[in-house]
Amino acid sequence: MMPRGIALLLLAALAACAPLPPDGRAQWVPSPNFDQRRPNFVILHQTTSDNVAKALATLTDRQRKVSAHYLIGRDGTVLQLVDEAARAWHAGDSRWGSMTDLNSGSIGIELDNTGEEAFAEPQIAALLVLLGELRERHRIPAENVLAHGDVAPTRKVDPSRLFPWRRLAQAGFGLWCEAPPPTAPEGFDALLGLRALGYDMVNVPAARAAFRRHFLAQDAEGELDPAAQGMLHCLLNSK
């Protein structure tokens, strides 16, 4: 006679492989071999609203189909809109390096800001606290704190050039090199450098503009000059 333990295991295996029952519901045979999906990126946005109430209305409107995990007001109030384990709709069509669909692997944070104003001190202080909590919970690498404009350069330009990326990097969130950086070596290929950093190079001008906005606090077009190439080379060596 087959031992009872082996028989139970066989029955469980057969149940797991059996067709769905007539009501269409799967048979629940729990396994202990799993863990929670862990986000690996943080994507920062600006709302382009003039007050947090308008931004909140947009981010909770079923018809708009847009959301974020967190919304931070100018006064530092932090609102959580989506559970961190869930997939919020904030990044849209996006790419960073080989990662596509950033919604599936990131935490989205909206900062209430028009895009033409400096970011308020209480807001940035609250953001730094939140980023510290996210890093502790999810072990997100410093270099994976990015702008919406970084991961969707053909569609988005947020946060604006006024965002204090240097301050975030000094606290351990994001890459940074102090200006002026060392000169890039002779023959340095800036386009390959942008790709290696993570930018989608389908639209080269958009990628250059996103890089300048984030790392040089500039809204500018054209090829990267020697100073910008030096910054890019420095950042690549900081990864």
# chains A, B, ... in the order shown; residues from 1 in each chain; ligands from 1

call {"tool": "residues_around", "arguments": {"residues": "Gln218 of chain A", "least_positions_apart": "5", "cutoff": "6 Å", "atoms": "only C-alpha atoms", "output": "list of chain:residue names"}}
result
A:Arg161, A:Arg212, A:Arg213

call {"tool": "write_last_selection", "arguments": {"atoms": "C-alpha atoms", "output": "PDB file, in the first residue's frame"}}
result
ATOM      1  CA  ARG A 161      15.166  71.867 -14.618  1.00  0.00           C
ATOM      2  CA  ARG A 212      20.568  68.191 -19.840  1.00  0.00           C
ATOM      3  CA  ARG A 213      17.394  68.861 -17.831  1.00  0.00           C
TER       4      ARG A 213
END

call {"tool": "select_by_dssp", "arguments": {"residues": "segment 95-202 of chain A", "states": "strand (DSSP E)", "output": "PDB file with N, CA and C atoms, in the first residue's frame"}}
result
ATOM      1  N   ARG A  95      10.848  53.621 -20.879  1.00  0.00           N
ATOM      2  CA  ARG A  95      11.978  52.692 -21.013  1.00  0.00           C
ATOM      3  C   ARG A  95      13.190  53.276 -20.303  1.00  0.00           C
ATOM      4  N   TRP A  96      13.946  52.403 -19.645  1.00  0.00           N
ATOM      5  CA  TRP A  96      15.239  52.779 -19.076  1.00  0.00           C
ATOM      6  C   TRP A  96      16.162  51.582 -19.200  1.00  0.00           C
ATOM      7  N   MET A  99      14.876  47.934 -19.365  1.00  0.00           N
ATOM      8  CA  MET A  99      13.601  47.869 -18.655  1.00  0.00           C
ATOM      9  C   MET A  99      12.537  48.648 -19.418  1.00  0.00           C
ATOM     10  N   THR A 100      11.485  47.956 -19.826  1.00  0.00           N
ATOM     11  CA  THR A 100      10.337  48.616 -20.440  1.00  0.00           C
ATOM     12  C   THR A 100       9.155  48.476 -19.487  1.00  0.00           C
ATOM     13  N   SER A 106       8.129  50.043 -10.594  1.00  0.00           N
ATOM     14  CA  SER A 106       8.525  51.299  -9.968  1.00  0.00           C
ATOM     15  C   SER A 106       7.470  51.828  -9.015  1.00  0.00           C
ATOM     16  N   ILE A 107       7.916  52.739  -8.164  1.00  0.00           N
ATOM     17  CA  ILE A 107       7.046  53.558  -7.323  1.00  0.00           C
ATOM     18  C   ILE A 107       6.965  54.936  -7.973  1.00  0.00           C
ATOM     19  N   GLY A 108       5.769  55.449  -8.189  1.00  0.00           N
ATOM     20  CA  GLY A 108       5.581  56.765  -8.779  1.00  0.00           C
ATOM     21  C   GLY A 108       5.251  57.797  -7.717  1.00  0.00           C
ATOM     22  N   ILE A 109       5.985  58.915  -7.725  1.00  0.00           N
ATOM     23  CA  ILE A 109       5.762  59.997  -6.762  1.00  0.00           C
ATOM     24  C   ILE A 109       5.483  61.287  -7.524  1.00  0.00           C
ATOM     25  N   GLU A 110       4.331  61.869  -7.286  1.00  0.00           N
ATOM     26  CA  GLU A 110       3.954  63.143  -7.888  1.00  0.00           C
ATOM     27  C   GLU A 110       4.248  64.282  -6.902  1.00  0.00           C
ATOM     28  N   LEU A 111       4.914  65.315  -7.404  1.00  0.00           N
ATOM     29  CA  LEU A 111       5.188  66.513  -6.619  1.00  0.00           C
ATOM     30  C   LEU A 111       4.327  67.644  -7.165  1.00  0.00           C
ATOM     31  N   VAL A 145      16.656  56.150  -9.003  1.00  0.00           N
ATOM     32  CA  VAL A 145      15.731  57.255  -8.733  1.00  0.00           C
ATOM     33  C   VAL A 145      15.817  58.189  -9.937  1.00  0.00           C
ATOM     34  N   LEU A 146      14.742  58.234 -10.726  1.00  0.00           N
ATOM     35  CA  LEU A 146      14.773  58.872 -12.040  1.00  0.00           C
ATOM     36  C   LEU A 146      13.617  59.846 -12.218  1.00  0.00           C
ATOM     37  N   ALA A 147      13.732  60.658 -13.278  1.00  0.00           N
ATOM     38  CA  ALA A 147      12.663  61.572 -13.661  1.00  0.00           C
ATOM     39  C   ALA A 147      11.736  60.915 -14.668  1.00  0.00           C
TER      40      ALA A 147
END

call {"tool": "residues_around", "arguments": {"residues": "segment 179-184 of chain A", "least_positions_apart": "5", "cutoff": "8 Å", "atoms": "only C-alpha atoms", "output": "number ranges by chain"}}
result
A: 226-227, 229-231, 233-234

call {"tool": "residues_around", "arguments": {"residues": "Gln123 of chain A", "least_positions_apart": "6", "cutoff": "9 Å", "atoms": "only C-alpha atoms", "output": "PyMOL selection string"}}
result
chain A and resi 72-78+111-112

call {"tool": "write_last_selection", "arguments": {"atoms": "all heavy atoms", "output": "tab-separated table (two decimals), in the first residue's frame"}}
result
chain	number	residue	atom	x	y	z
A	72	ILE	N	2.80	64.50	-3.10
A	72	ILE	CA	3.35	65.36	-2.05
A	72	ILE	C	3.00	66.80	-2.36
A	72	ILE	O	3.35	67.33	-3.42
A	72	ILE	CB	4.87	65.19	-1.91
A	72	ILE	CG1	5.24	63.72	-1.70
A	72	ILE	CG2	5.39	66.04	-0.75
A	72	ILE	CD1	6.73	63.47	-1.55
A	73	GLY	N	2.31	67.46	-1.43
A	73	GLY	CA	1.92	68.85	-1.60
A	73	GLY	C	3.07	69.80	-1.31
A	73	GLY	O	4.11	69.41	-0.75
A	74	ARG	N	2.86	71.04	-1.65
A	74	ARG	CA	3.88	72.06	-1.41
A	74	ARG	C	4.19	72.23	0.07
A	74	ARG	O	5.30	72.63	0.44
A	74	ARG	CB	3.43	73.40	-2.01
A	74	ARG	CG	3.38	73.43	-3.53
A	74	ARG	CD	2.71	74.71	-4.01
A	74	ARG	NE	2.74	74.84	-5.45
A	74	ARG	CZ	1.87	74.24	-6.28
A	74	ARG	NH1	0.93	73.44	-5.77
A	74	ARG	NH2	1.95	74.41	-7.58
A	75	ASP	N	3.22	71.94	0.92
A	75	ASP	CA	3.42	72.10	2.37
A	75	ASP	C	4.04	70.87	3.01
A	75	ASP	O	4.22	70.83	4.23
A	75	ASP	CB	2.09	72.44	3.05
A	75	ASP	CG	1.06	71.31	2.95
A	75	ASP	OD1	1.34	70.30	2.25
A	75	ASP	OD2	-0.01	71.44	3.56
A	76	GLY	N	4.36	69.86	2.20
A	76	GLY	CA	4.98	68.65	2.72
A	76	GLY	C	4.02	67.54	3.08
A	76	GLY	O	4.44	66.46	3.50
A	77	THR	N	2.72	67.78	2.88
A	77	THR	CA	1.74	66.72	3.14
A	77	THR	C	1.94	65.58	2.14
A	77	THR	O	2.03	65.81	0.93
A	77	THR	CB	0.31	67.26	3.01
A	77	THR	OG1	0.11	68.28	3.98
A	77	THR	CG2	-0.71	66.15	3.23
A	78	VAL	N	2.01	64.36	2.65
A	78	VAL	CA	2.21	63.18	1.81
A	78	VAL	C	0.92	62.38	1.78
A	78	VAL	O	0.42	61.96	2.82
A	78	VAL	CB	3.37	62.30	2.33
A	78	VAL	CG1	3.55	61.07	1.45
A	78	VAL	CG2	4.66	63.10	2.41
A	111	LEU	N	4.91	65.31	-7.40
A	111	LEU	CA	5.19	66.51	-6.62
A	111	LEU	C	4.33	67.64	-7.16
A	111	LEU	O	4.39	67.95	-8.36
A	111	LEU	CB	6.66	66.88	-6.72
A	111	LEU	CG	7.64	65.79	-6.27
A	111	LEU	CD1	9.05	66.13	-6.69
A	111	LEU	CD2	7.56	65.59	-4.76
A	112	ASP	N	3.50	68.23	-6.31
A	112	ASP	CA	2.61	69.28	-6.78
A	112	ASP	C	3.41	70.53	-7.10
A	112	ASP	O	3.98	71.17	-6.20
A	112	ASP	CB	1.53	69.58	-5.74
A	112	ASP	CG	0.35	70.32	-6.36
A	112	ASP	OD1	-0.02	69.99	-7.50
A	112	ASP	OD2	-0.19	71.23	-5.70

call {"tool": "residues_around", "arguments": {"residues": "Arg135 of chain A", "least_positions_apart": "2", "cutoff": "12 Å", "atoms": "only C-alpha atoms", "output": "VMD selection string"}}
result
chain A and resid 38 to 42 107 128 to 133 137 to 145 171 to 174

call {"tool": "atom_distance", "arguments": {"atom1": "atom CA of Asn103 of chain A", "atom2": "atom CA of Ile43 of chain A"}}
result
9.1 Å

call {"tool": "atom_distance", "arguments": {"atom1": "atom CA of Tyr199 of chain A", "atom2": "atom CA of Ala125 of chain A"}}
result
28.0 Å

call {"tool": "select_by_dssp", "arguments": {"residues": "chain A", "states": "alpha helix (DSSP H)", "output": "PyMOL selection string"}}
result
chain A and resi 4-17+52-59+121-138+148-151+165-170+190-197+204-215+226-238

call {"tool": "closest_residue", "arguments": {"among": "A:Arg155, A:Arg25, A:Arg87, A:Lys54", "to": "Leu71 of chain A", "atoms": "only C-alpha atoms"}}
result
A:Lys54

call {"tool": "closest_residue", "arguments": {"among": "A:Pro32, A:Pro185, A:Gly97, A:Gly222", "to": "Gly198 of chain A", "atoms": "only C-alpha atoms"}}
result
A:Gly97

call {"tool": "closest_residue", "arguments": {"among": "A:Gln46, A:Leu175, A:Asp225, A:Trp89", "to": "Arg64 of chain A", "atoms": "only C-alpha atoms"}}
result
A:Trp89

call {"tool": "residues_around", "arguments": {"residues": "Met201 of chain A", "least_positions_apart": "3", "cutoff": "12 Å", "atoms": "only C-alpha atoms", "output": "number ranges by chain"}}
result
A: 95-98, 150-154, 190-198, 204-211

call {"tool": "residues_around", "arguments": {"residues": "Pro159 of chain A", "least_positions_apart": "4", "cutoff": "7 Å", "atoms": "only C-alpha atoms", "output": "list in words"}}
result
Leu44, His45, Gln46, Gly115, Ala147, His148 and Phe163 of chain A

call {"tool": "closest_residue", "arguments": {"among": "A:Asn203, A:Glu223, A:Asp189, A:Ile124", "to": "Pro164 of chain A", "atoms": "only C-alpha atoms"}}
result
A:Ile124

call {"tool": "closest_residue", "arguments": {"among": "A:Trp165, A:Thr48, A:Asp101, A:Val82", "to": "Thr60 of chain A", "atoms": "only C-alpha atoms"}}
result
A:Val82
